[in-house]
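Shown below: query_28.cif, with mmCIF, C-alpha atoms and all ligand atoms.
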```
data_coords
#
loop_
_atom_site.group_PDB
_atom_site.id
_atom_site.type_symbol
_atom_site.label_atom_id
_atom_site.label_comp_id
_atom_site.auth_asym_id
_atom_site.auth_seq_id
_atom_site.Cartn_x
_atom_site.Cartn_y
_atom_site.Cartn_z
ATOM 1 C CA MET N 216 14.447 67.057 99.905
ATOM 2 C CA ALA N 217 15.560 70.526 100.949
ATOM 3 C CA LYS N 218 15.415 71.947 97.451
ATOM 4 C CA ASN N 219 11.922 70.647 96.737
ATOM 5 C CA GLU N 220 10.654 72.049 100.004
ATOM 6 C CA GLU N 221 12.020 75.435 99.070
ATOM 7 C CA ILE N 222 10.178 75.329 95.735
ATOM 8 C CA GLN N 223 7.035 74.246 97.557
ATOM 9 C CA LYS N 224 7.422 77.180 99.920
ATOM 10 C CA GLN N 225 7.721 79.587 97.012
ATOM 11 C CA LEU N 226 4.640 78.092 95.351
ATOM 12 C CA ASP N 227 2.641 78.251 98.580
ATOM 13 C CA ALA N 228 3.618 81.897 99.090
ATOM 14 C CA LEU N 229 2.552 82.784 95.542
ATOM 15 C CA ARG N 230 -0.688 80.888 95.957
ATOM 16 C CA GLY N 231 -1.329 82.848 99.145
ATOM 17 C CA GLU N 232 -0.758 86.149 97.369
ATOM 18 C CA ILE N 233 -3.083 85.134 94.538
ATOM 19 C CA ARG N 234 -5.746 84.080 97.005
ATOM 20 C CA ALA N 235 -5.532 87.406 98.846
ATOM 21 C CA LEU N 236 -6.071 89.309 95.588
ATOM 22 C CA ARG N 237 -8.998 87.080 94.649
ATOM 23 C CA ASP N 238 -10.527 87.665 98.083
ATOM 24 C CA ARG N 239 -10.179 91.395 97.453
ATOM 25 C CA GLU N 240 -12.039 90.951 94.156
ATOM 26 C CA ASP N 241 -14.795 89.041 95.930
ATOM 27 C CA HIS N 242 -14.957 91.765 98.519
ATOM 28 C CA PHE N 243 -15.555 94.392 95.832
ATOM 29 C CA ARG N 244 -18.217 92.225 94.192
ATOM 30 C CA GLU N 245 -20.012 91.851 97.491
ATOM 31 C CA ILE N 246 -19.999 95.499 98.476
ATOM 32 C CA ALA N 247 -21.068 96.453 94.936
ATOM 33 C CA LYS N 248 -23.985 94.073 95.076
ATOM 34 C CA ASP N 249 -25.102 95.205 98.530
ATOM 35 C CA ARG N 250 -24.812 98.799 97.462
ATOM 36 C CA GLY N 251 -26.766 98.062 94.272
ATOM 37 C CA ILE N 252 -29.620 96.468 96.198
ATOM 38 C CA GLN N 253 -29.756 99.428 98.586
ATOM 39 C CA ARG N 254 -29.743 101.879 95.673
ATOM 40 C CA PHE N 255 -32.474 99.964 93.864
ATOM 41 C CA GLU N 256 -34.711 99.577 96.915
ATOM 42 C CA ALA N 257 -34.221 103.142 98.108
ATOM 43 C CA ALA N 258 -35.480 104.371 94.712
ATOM 44 C CA ASN N 259 -38.381 101.911 94.750
ATOM 45 C CA GLY N 260 -37.056 100.075 91.724
ATOM 46 C CA CYS N 261 -39.530 98.081 89.656
ATOM 47 C CA THR N 262 -39.409 94.428 90.671
ATOM 48 C CA THR N 263 -41.378 93.349 87.576
ATOM 49 C CA CYS N 264 -38.620 94.247 85.145
ATOM 50 C CA ARG N 265 -35.726 94.720 87.661
ATOM 51 C CA GLY N 266 -35.239 98.178 86.217
ATOM 52 C CA ARG N 267 -34.807 96.871 82.683
ATOM 53 C CA GLY N 268 -38.059 98.193 81.211
ATOM 54 C CA TRP N 269 -38.891 94.943 79.423
ATOM 55 C CA VAL N 270 -40.156 91.511 80.348
ATOM 56 C CA VAL N 271 -39.992 88.124 78.664
ATOM 57 C CA THR N 272 -43.336 87.339 77.032
ATOM 58 C CA TRP N 273 -42.472 84.053 75.445
ATOM 59 C CA ASP N 274 -39.603 81.602 75.427
ATOM 60 C CA THR N 275 -39.414 78.224 73.729
ATOM 61 C CA MET N 276 -37.153 77.089 76.556
ATOM 62 C CA ASP N 277 -35.497 74.968 73.898
ATOM 63 C CA ILE N 278 -32.568 77.251 73.660
ATOM 64 C CA LEU N 279 -30.679 77.531 76.868
ATOM 65 C CA ASP N 280 -29.277 80.987 76.359
ATOM 66 C CA GLY N 281 -32.738 82.524 75.902
ATOM 67 C CA SER N 282 -31.867 83.963 72.503
ATOM 68 C CA ALA N 283 -35.138 82.770 70.952
ATOM 69 C CA ALA N 284 -37.328 84.621 73.476
ATOM 70 C CA ASP N 285 -39.861 87.379 72.777
ATOM 71 C CA TYR N 286 -39.933 90.514 74.878
ATOM 72 C CA GLY N 287 -42.504 93.167 75.714
ATOM 73 C CA ASP N 288 -42.631 96.430 77.660
ATOM 74 C CA CYS N 289 -42.763 96.188 81.426
ATOM 75 C CA SER N 290 -46.361 95.491 82.544
ATOM 76 C CA ASN N 291 -46.011 97.589 85.702
ATOM 77 C CA LYS N 292 -47.940 100.821 85.029
ATOM 78 C CA SER N 293 -45.901 102.885 87.467
ATOM 79 C CA CYS N 294 -42.631 101.849 85.791
ATOM 80 C CA THR N 295 -41.430 104.660 83.525
ATOM 81 C CA PRO N 296 -38.136 105.659 81.954
ATOM 82 C CA GLU N 297 -37.847 108.240 84.753
ATOM 83 C CA THR N 298 -38.340 105.762 87.593
ATOM 84 C CA ARG N 299 -35.902 103.387 85.914
ATOM 85 C CA GLN N 300 -33.427 106.196 85.515
ATOM 86 C CA ALA N 301 -33.747 106.837 89.234
ATOM 87 C CA SER N 302 -33.409 103.231 90.371
ATOM 88 C CA GLY N 303 -30.866 101.945 87.913
ATOM 89 C CA LEU N 304 -30.558 98.229 87.251
ATOM 90 C CA HIS N 305 -31.187 95.687 89.972
ATOM 91 C CA PRO N 306 -27.774 94.040 90.669
ATOM 92 C CA SER N 307 -28.736 90.659 89.289
ATOM 93 C CA ASN N 308 -28.557 89.270 85.782
ATOM 94 C CA THR N 309 -30.503 86.656 83.886
ATOM 95 C CA ARG N 310 -29.620 84.919 80.651
ATOM 96 C CA TYR N 311 -31.942 87.392 78.904
ATOM 97 C CA ASP N 312 -29.916 90.329 80.141
ATOM 98 C CA HIS N 313 -26.941 89.005 78.226
ATOM 99 C CA ASN N 314 -28.929 88.970 74.997
ATOM 100 C CA ARG N 315 -30.364 92.413 75.572
ATOM 101 C CA TYR N 316 -27.196 94.109 76.775
ATOM 102 C CA THR N 317 -28.770 95.003 80.103
ATOM 103 C CA THR N 318 -26.335 93.231 82.362
ATOM 104 C CA TRP N 319 -25.464 94.850 85.639
ATOM 105 C CA ALA N 320 -21.762 94.829 86.386
ATOM 106 C CA HIS N 321 -20.375 95.255 89.872
ATOM 107 C CA PHE N 322 -18.241 98.206 88.842
ATOM 108 C CA HIS N 323 -21.480 100.144 88.248
ATOM 109 C CA ASP N 324 -21.789 100.321 92.007
ATOM 110 C CA LEU N 325 -18.188 101.007 92.947
ATOM 111 C CA THR N 326 -16.589 104.361 93.637
ATOM 112 C CA GLU N 327 -13.858 105.588 91.308
ATOM 113 C CA ALA N 328 -11.172 104.678 93.818
ATOM 114 C CA GLU N 329 -12.649 101.230 94.299
ATOM 115 C CA LYS N 330 -12.856 100.760 90.543
ATOM 116 C CA ASP N 331 -9.201 101.693 90.152
ATOM 117 C CA GLU N 332 -8.162 99.219 92.769
ATOM 118 C CA HIS N 333 -10.491 96.560 91.441
ATOM 119 C CA PHE N 334 -9.305 96.833 87.846
ATOM 120 C CA ALA N 335 -5.691 96.668 88.969
ATOM 121 C CA LEU N 336 -6.282 93.314 90.643
ATOM 122 C CA GLN N 337 -6.623 91.115 87.569
ATOM 123 C CA PRO N 338 -3.312 92.161 85.972
ATOM 124 C CA GLN N 339 -1.574 91.537 89.311
ATOM 125 C CA ILE N 340 -3.155 88.093 89.506
ATOM 126 C CA GLU N 341 -1.963 87.320 85.988
ATOM 127 C CA ILE N 342 1.593 88.334 86.836
ATOM 128 C CA LEU N 343 1.530 86.105 89.914
ATOM 129 C CA ASN N 344 0.063 83.220 87.916
ATOM 130 C CA LYS N 345 2.897 83.562 85.441
ATOM 131 C CA LYS N 346 5.438 83.617 88.266
ATOM 132 C CA TYR N 347 3.819 80.511 89.706
ATOM 133 C CA ASN N 348 4.122 78.740 86.348
ATOM 134 C CA ASP N 349 7.728 79.851 85.975
ATOM 135 C CA VAL N 350 8.654 78.462 89.387
ATOM 136 C CA GLU N 351 6.906 75.206 88.537
ATOM 137 C CA MET N 352 8.635 74.999 85.157
ATOM 138 C CA SER N 353 12.055 75.818 86.553
ATOM 139 C CA ALA N 354 11.654 72.997 89.069
ATOM 140 C CA ARG N 355 10.834 70.507 86.329
ATOM 141 C CA PRO N 356 13.883 68.399 85.353
ATOM 142 C CA THR N 357 13.556 68.810 81.606
ATOM 143 C CA LYS N 358 16.187 68.122 78.956
ATOM 144 C CA GLY N 359 19.428 70.046 79.268
ATOM 145 C CA LYS N 360 19.090 70.933 82.967
ATOM 146 C CA LEU N 361 21.581 69.966 85.631
ATOM 147 C CA VAL N 362 19.965 67.841 88.324
ATOM 148 C CA GLU N 363 20.899 65.946 91.429
ATOM 149 C CA VAL N 364 19.372 62.710 92.643
ATOM 150 C CA ILE N 365 17.989 63.372 96.125
ATOM 151 C CA ALA N 366 16.040 60.174 96.726
ATOM 152 C CA LYS N 367 16.291 56.634 95.510
ATOM 153 C CA SER N 368 13.401 55.756 93.232
ATOM 154 C CA ARG N 369 11.769 52.375 93.769
ATOM 155 C CA ALA N 370 12.655 51.131 90.312
ATOM 156 C CA ARG N 371 15.421 48.546 90.005
ATOM 157 C CA ASN N 372 18.828 49.993 89.046
ATOM 158 C CA ALA N 373 17.630 53.455 89.978
ATOM 159 C CA ALA N 374 20.245 56.169 90.211
ATOM 160 C CA ALA N 375 21.916 56.542 93.612
ATOM 161 C CA VAL N 376 21.353 59.566 95.806
ATOM 162 C CA GLY N 377 23.958 62.241 95.113
ATOM 163 C CA VAL N 378 24.396 61.539 91.406
ATOM 164 C CA VAL N 379 24.629 64.817 89.495
ATOM 165 C CA GLY N 380 24.152 65.002 85.755
ATOM 166 C CA LYS N 381 22.613 66.594 82.730
ATOM 167 C CA VAL N 382 19.111 65.487 81.790
ATOM 168 C CA PHE N 383 19.142 63.881 78.359
ATOM 169 C CA TRP N 384 15.701 62.311 78.592
ATOM 170 C CA TYR N 385 12.505 63.416 80.276
ATOM 171 C CA GLY N 386 9.208 61.710 79.646
ATOM 172 C CA CYS N 387 6.435 59.415 80.738
ATOM 173 C CA ASN N 388 6.846 55.648 80.885
ATOM 174 C CA ASP N 389 4.094 53.105 80.156
ATOM 175 C CA TRP N 390 2.902 53.282 83.757
ATOM 176 C CA GLY N 391 2.494 57.030 83.791
ATOM 177 C CA THR N 392 5.580 57.718 85.889
ATOM 178 C CA ILE N 393 7.713 60.579 84.685
ATOM 179 C CA LYS N 394 11.228 59.245 84.207
ATOM 180 C CA VAL N 395 14.435 61.185 83.953
ATOM 181 C CA GLY N 396 17.605 60.071 82.181
ATOM 182 C CA ILE N 397 20.773 61.723 83.484
ATOM 183 C CA MET N 398 24.296 61.675 82.079
ATOM 184 C CA ASP N 399 27.241 62.437 84.346
ATOM 185 C CA THR N 400 30.531 64.018 83.253
ATOM 186 C CA ASP N 401 31.977 60.583 82.512
ATOM 187 C CA GLY N 402 29.183 59.837 80.078
ATOM 188 C CA ASN N 403 27.490 57.269 82.345
ATOM 189 C CA LYS N 404 23.717 57.155 82.048
ATOM 190 C CA HIS N 405 21.491 56.962 85.118
ATOM 191 C CA TRP N 406 17.729 56.567 85.300
ATOM 192 C CA THR N 407 15.336 57.664 87.982
ATOM 193 C CA SER N 408 11.915 59.242 88.446
ATOM 194 C CA GLU N 409 11.074 62.934 88.267
ATOM 195 C CA LYS N 410 10.240 62.970 91.972
ATOM 196 C CA SER N 411 13.708 61.733 92.893
ATOM 197 C CA VAL N 412 15.658 64.653 91.476
ATOM 198 C CA THR N 413 16.048 68.326 92.130
ATOM 199 C CA VAL N 414 17.110 70.929 89.586
ATOM 200 C CA LEU N 415 20.477 72.507 90.345
ATOM 201 C CA LYS N 416 20.832 74.618 87.208
ATOM 202 C CA GLN N 417 18.547 75.501 84.325
ATOM 203 C CA GLN N 418 21.343 74.681 81.896
ATOM 204 C CA ALA N 419 24.051 72.111 82.580
ATOM 205 C CA GLY N 420 27.582 73.339 81.930
ATOM 206 C CA LYS N 421 29.846 72.413 79.031
ATOM 207 C CA GLU N 422 31.572 69.778 81.137
ATOM 208 C CA TYR N 423 28.449 67.672 80.680
ATOM 209 C CA ASP N 424 28.660 67.774 76.889
ATOM 210 C CA GLN N 425 30.224 64.522 75.889
ATOM 211 C CA THR N 426 33.523 64.908 74.126
ATOM 212 C CA TYR N 427 34.452 61.957 72.088
ATOM 213 C CA GLU N 428 38.187 61.871 71.681
ATOM 214 C CA ASP N 429 37.808 58.998 69.383
ATOM 215 C CA GLN N 430 35.531 59.948 66.576
ATOM 216 C CA TYR N 431 35.535 59.901 62.834
ATOM 217 C CA PRO N 432 34.328 63.002 61.008
ATOM 218 C CA LEU N 433 32.343 61.977 57.961
ATOM 219 C CA LEU N 434 32.048 64.776 55.433
ATOM 220 C CA CYS N 435 28.920 63.983 53.508
ATOM 221 C CA LYS N 436 25.650 65.120 52.070
ATOM 222 C CA VAL N 437 22.520 64.161 53.927
ATOM 223 C CA VAL N 438 19.958 63.245 51.290
ATOM 224 C CA ARG N 439 17.169 61.806 53.411
ATOM 225 C CA LYS N 440 16.193 61.821 57.048
ATOM 226 C CA SER N 441 13.688 60.078 59.246
ATOM 227 C CA ASN N 442 13.017 59.967 62.950
ATOM 228 C CA LYS N 443 15.372 57.052 63.317
ATOM 229 C CA ALA N 444 18.171 57.688 60.840
ATOM 230 C CA ILE N 445 19.698 59.834 58.142
ATOM 231 C CA CYS N 446 20.774 58.757 54.685
ATOM 232 C CA VAL N 447 24.164 60.109 53.622
ATOM 233 C CA MET N 448 26.133 60.272 50.387
ATOM 234 C CA THR N 449 29.908 60.559 50.577
ATOM 235 C CA PRO N 450 31.925 62.474 47.967
ATOM 236 C CA GLY N 451 32.638 60.274 45.002
ATOM 237 C CA ALA N 452 29.878 57.815 45.808
ATOM 238 C CA SER N 453 27.705 56.944 42.861
ATOM 239 C CA LYS N 454 24.296 58.553 42.834
ATOM 240 C CA PHE N 455 22.843 55.163 42.084
ATOM 241 C CA THR N 456 23.952 53.549 45.318
ATOM 242 C CA GLY N 457 21.187 55.377 47.159
ATOM 243 C CA GLY N 458 23.456 56.318 50.061
ATOM 244 C CA GLU N 459 23.995 54.809 53.468
ATOM 245 C CA TRP N 460 21.575 54.943 56.378
ATOM 246 C CA ILE N 461 23.090 55.883 59.722
ATOM 247 C CA PRO N 462 20.923 55.704 62.852
ATOM 248 C CA TRP N 463 20.664 58.904 64.908
ATOM 249 C CA SER N 464 21.629 56.908 67.977
ATOM 250 C CA GLN N 465 25.106 56.316 66.510
ATOM 251 C CA ILE N 466 25.736 59.913 65.546
ATOM 252 C CA LEU N 467 27.905 61.523 68.196
ATOM 253 C CA ASN N 468 26.982 65.093 67.291
ATOM 254 C CA ALA N 469 23.316 64.306 66.668
ATOM 255 C CA ASP N 470 21.998 67.533 68.194
ATOM 256 C CA GLN N 471 24.232 69.614 65.986
ATOM 257 C CA VAL N 472 23.375 67.632 62.851
ATOM 258 C CA ARG N 473 19.674 67.846 63.641
ATOM 259 C CA LYS N 474 19.955 71.604 63.875
ATOM 260 C CA GLN N 475 21.749 71.759 60.532
ATOM 261 C CA LEU N 476 19.024 69.694 58.904
ATOM 262 C CA GLU N 477 16.083 71.650 60.256
ATOM 263 C CA GLY N 478 13.325 72.137 57.716
ATOM 264 C CA LYS N 479 12.919 70.405 54.403
ATOM 265 C CA LEU N 480 15.922 68.815 52.737
ATOM 266 C CA LEU N 481 16.819 70.049 49.272
ATOM 267 C CA LYS N 482 16.633 67.576 46.454
ATOM 268 C CA ASP N 483 20.385 67.072 46.296
ATOM 269 C CA GLY N 484 20.788 67.028 50.041
ATOM 270 C CA ARG N 485 22.627 69.194 52.530
ATOM 271 C CA ALA N 486 26.305 69.125 53.414
ATOM 272 C CA ALA N 487 27.087 68.079 56.968
ATOM 273 C CA THR N 488 29.871 66.752 59.129
ATOM 274 C CA VAL N 489 28.615 63.679 60.895
ATOM 275 C CA MET N 490 30.736 62.407 63.754
ATOM 276 C CA LEU N 491 30.800 58.623 63.987
ATOM 277 C CA PRO N 492 32.371 56.174 66.416
ATOM 278 C CA PRO N 493 35.392 54.694 64.644
ATOM 279 C CA TRP N 494 34.004 51.137 64.726
ATOM 280 C CA LEU N 495 31.004 52.251 62.700
ATOM 281 C CA ALA N 496 33.122 54.253 60.274
ATOM 282 C CA ARG N 497 35.195 51.103 59.779
ATOM 283 C CA LYS N 498 32.157 48.915 59.322
ATOM 284 C CA LYS N 499 30.754 51.247 56.701
ATOM 285 C CA GLY N 500 34.060 51.326 54.916
ATOM 286 C CA TYR N 501 34.797 55.031 55.504
ATOM 287 C CA LEU N 502 37.798 54.229 57.635
ATOM 288 C CA ARG N 503 40.330 51.562 56.789
ATOM 289 C CA GLY N 504 42.282 49.463 59.212
HETATM 290 ZN ZN ZN N 601 -40.654 97.729 85.284
#
```
Now that the file is in, can you turn its structure into structure tokens?
Ligand SMILES: [Zn+2]
Amino acid sequence: MAKNEEIQKQLDALRGEIRALRDREDHFREIAKDRGIQRFEAANGCTTCRGRGWVVTWDTMDILDGSAADYGDCSNKSCTPETRQASGLHPSNTRYDHNRYTTWAHFHDLTEAEKDEHFALQPQIEILNKKYNDVEMSARPTKGKLVEVIAKSRARNAAAVGVVGKVFWYGCNDWGTIKVGIMDTDGNKHWTSEKSVTVLKQQAGKEYDQTYEDQYPLLCKVVRKSNKAICVMTPGASKFTGGEWIPWSQILNADQVRKQLEGKLLKDGRAATVMLPPWLARKKGYLRG
């Protein structure tokens, strides 16, 4: 499990860095709030309106965000624009403040240097979050990666420890376990669970691409396609035959053909070279003998 532990270590370290930055943010929020309260109290700020100059006179309470409320001037006689100017806003917000654009923000009570540091925190956190995701993604044994089996999964016929191969299938089974299908250089398929493998390379090498010495190249036009099969017309075949359906699972260069057929097919189809196992080519009558 050495590899997984290393990934876990990386993730823990990143999480630690993110936490430290978040703590720094909290720290700035706290000192700003304390400073705001001191500022407000030292200037004898109006507690009736919290330095806003208005009070809520009526609210249906039906609407949770307070947007249907009525407002009036502050009822405190000694509260004037001048005293409010002196005290500033009390460092607390209500739902009404959001509607009236009188929200206090912690950066109102930070020094320039503190503000600079504070505003630099969020972008750093985002970069670290992205790194965290990248590490997580790179550790995921998705299609095309080279992986090694490092533990035997409990399923019957599970791949043996030490098997190395290219992932050709990655997905959830009916029981919610993430399964991985691996093909080795000899073309043997192995199955195991996501937890039982470790990623060796983000992209398996060419030696894991299956070469089929024995294959029949069918030059044809693909006239229809579905998730399961394509319908091909061979040169000279009558338009009225409707073509032949060939399942994707039998097409040796399926990935390549899929790429060629991306998007909508034209009415008279698209030319393609479809590699077939000779037995199928024989069965379909493309290959004699
Ligand atoms: Zn007031």
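Pairwise distance (atom CA of N:Ala328, atom CA of N:Phe243) equals 11.4 Å.
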Task: Site check for ligand ZN 601 (chain N): residues at most 12 Å away, all atoms listed in the file, as a PyMOL selection string - done: chain N and resi 259-271+287-300+302-305
- [ ] Run the PyMOL selection byres (((chain N and resi 490-493) around 9) and not hetatm) on the file and write out the hits as a list in words.
- [x] Tyr427, Asp429, Gln430, Tyr431, Pro432, Leu433, Leu434, Gln465, Ile466, Leu467, Asn468, Ala469, Thr488, Val489, Trp494, Leu495, Ala496, Arg497, Lys498 and Leu502 of chain N
Step by step, work through what the PyMOL selection byres (((chain N and resi 226) around 12) and not hetatm) selects in the shown file, and finish by giving those residues as a short mmCIF file (atom, residue, chain, number, x, y, z; two decimals) with C-alpha atoms, keeping the file's coordinate frame.
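Result file is out14.cif:
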```
data_model
loop_
_atom_site.label_atom_id
_atom_site.label_comp_id
_atom_site.auth_asym_id
_atom_site.auth_seq_id
_atom_site.Cartn_x
_atom_site.Cartn_y
_atom_site.Cartn_z
CA ASN N 219 11.92 70.65 96.74
CA GLU N 220 10.65 72.05 100.00
CA GLU N 221 12.02 75.44 99.07
CA ILE N 222 10.18 75.33 95.74
CA GLN N 223 7.04 74.25 97.56
CA LYS N 224 7.42 77.18 99.92
CA GLN N 225 7.72 79.59 97.01
CA ASP N 227 2.64 78.25 98.58
CA ALA N 228 3.62 81.90 99.09
CA LEU N 229 2.55 82.78 95.54
CA ARG N 230 -0.69 80.89 95.96
CA GLY N 231 -1.33 82.85 99.14
CA GLU N 232 -0.76 86.15 97.37
CA ILE N 233 -3.08 85.13 94.54
CA LEU N 343 1.53 86.10 89.91
CA ASN N 344 0.06 83.22 87.92
CA LYS N 345 2.90 83.56 85.44
CA LYS N 346 5.44 83.62 88.27
CA TYR N 347 3.82 80.51 89.71
CA ASN N 348 4.12 78.74 86.35
CA ASP N 349 7.73 79.85 85.98
CA VAL N 350 8.65 78.46 89.39
CA GLU N 351 6.91 75.21 88.54
CA MET N 352 8.64 75.00 85.16
CA SER N 353 12.06 75.82 86.55
CA ALA N 354 11.65 73.00 89.07
#
```
Please report, as JSON lines, each residue of stretch 273-364 of chain N lying at most 12 Å from stretch 389-400 of chain N, together with the nearest pair of atoms and the separation in Å rounded to one decimal; use all atoms listed in the file, and order rows by chain and ascending residue number.
```
{"residue": "N:Arg355", "atom": "CA", "partner": "N:Val395", "partner_atom": "CA", "distance": 10.3}
{"residue": "N:Pro356", "atom": "CA", "partner": "N:Val395", "partner_atom": "CA", "distance": 7.4}
{"residue": "N:Thr357", "atom": "CA", "partner": "N:Val395", "partner_atom": "CA", "distance": 8.0}
{"residue": "N:Lys358", "atom": "CA", "partner": "N:Val395", "partner_atom": "CA", "distance": 8.7}
{"residue": "N:Gly359", "atom": "CA", "partner": "N:Ile397", "partner_atom": "CA", "distance": 9.4}
{"residue": "N:Lys360", "atom": "CA", "partner": "N:Ile397", "partner_atom": "CA", "distance": 9.4}
{"residue": "N:Leu361", "atom": "CA", "partner": "N:Ile397", "partner_atom": "CA", "distance": 8.6}
{"residue": "N:Val362", "atom": "CA", "partner": "N:Ile397", "partner_atom": "CA", "distance": 7.8}
{"residue": "N:Glu363", "atom": "CA", "partner": "N:Ile397", "partner_atom": "CA", "distance": 9.0}
{"residue": "N:Val364", "atom": "CA", "partner": "N:Ile397", "partner_atom": "CA", "distance": 9.3}
```
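The coordinates place atom CA of N:Val412 at 5.4 Å from atom CA of N:Ile365.
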TODO: Calculate how many Å separate atom CA of N:Pro450 from atom CA of N:Pro462, rounding to one decimal.
DONE: 19.7 Å
Open item on the list: I'd like to see the residues matched by the PyMOL selection byres (((chain N and resi 306) around 9) and not hetatm) on this file, and ideally I'd get them as a list of chain:residue names.
Closed with: N:Ala247, N:Lys248, N:Asp249, N:Arg250, N:Gly251, N:Ile252, N:Phe255, N:Arg265, N:Gly303, N:Leu304, N:His305, N:Ser307, N:Asn308, N:Thr318, N:Trp319, N:Ala320, N:His321, N:Asp324
- [ ] Please provide the set of residues having any atom within 12 Å of N:Glu477, restricted to only C-alpha atoms, with same-chain residues fewer than 4 positions apart removed, written as a PyMOL selection string.
- [x] chain N and resi 437+440-441+470-473+481+485
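In terms of minimum interatomic distance to N:His242, N:Leu325 ranks closest within N:Ala452, N:Ala370, N:Val376, N:Leu325, counting only C-alpha atoms.
Restricting the calculation to only C-alpha atoms, the smallest distance between N:His333 and any of N:Arg503, N:Lys381, N:Arg237, N:Arg371 is found for N:Arg237.
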Around all listed atoms of stretch 379-398 of chain N, padded 5 Å per side, what centre and edge lengths does the axis-aligned box have in Å to one decimal, as lines of an AutoDock Vina configuration file?
```
center_x = 13.6
center_y = 59.8
center_z = 83.9
size_x = 32.1
size_y = 23.5
size_z = 21.1
```
Open item on the list: Need to verify the contact set: N:Gln337, 12 Å, all atoms listed in the file, exclusion of same-chain residues closer than 4 positions in sequence. Can you return it as a ChimeraX atom specification?
Closed with: /N:233-241,330-333,341-344
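For the residues N:Ala444, N:Ala375, N:Val438, N:Val382, ranking by smallest atom-to-atom distance to N:Ser411 using all atoms listed in the file places N:Ala375 first.
Considering the residues N:Gln253, N:Ser282, N:Thr272, N:Gln418 and counting only C-alpha atoms, N:Arg310 has its shortest atom-to-atom contact with N:Ser282.
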Could you pull stretch 266-290 of chain N out of the structure just shown and give C-alpha atoms as a compact mmCIF listing (two decimals), in the first residue's frame?
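Output below, filename decode_9.txt:
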```
# COMPACT_ATOMS: atom_id res chain seq x y z
CA GLY N 266 -25.12 53.08 13.26
CA ARG N 267 -27.37 52.51 10.26
CA GLY N 268 -29.69 55.49 10.73
CA TRP N 269 -32.85 53.49 10.09
CA VAL N 270 -34.96 50.96 11.94
CA VAL N 271 -37.47 48.35 10.84
CA THR N 272 -41.00 49.61 11.47
CA TRP N 273 -42.93 46.73 10.05
CA ASP N 274 -42.24 43.27 8.69
CA THR N 275 -44.73 40.65 7.56
CA MET N 276 -42.27 38.01 8.74
CA ASP N 277 -43.64 35.98 5.86
CA ILE N 278 -40.63 36.58 3.77
CA LEU N 279 -37.50 35.25 5.31
CA ASP N 280 -35.06 37.64 3.72
CA GLY N 281 -36.87 40.70 5.12
CA SER N 282 -37.36 42.23 1.69
CA ALA N 283 -41.00 43.09 2.38
CA ALA N 284 -40.20 45.18 5.48
CA ASP N 285 -40.89 48.89 6.02
CA TYR N 286 -38.23 51.16 7.44
CA GLY N 287 -38.18 54.47 9.28
CA ASP N 288 -35.57 56.91 10.59
CA CYS N 289 -33.78 55.97 13.77
CA SER N 290 -35.97 56.85 16.79
```
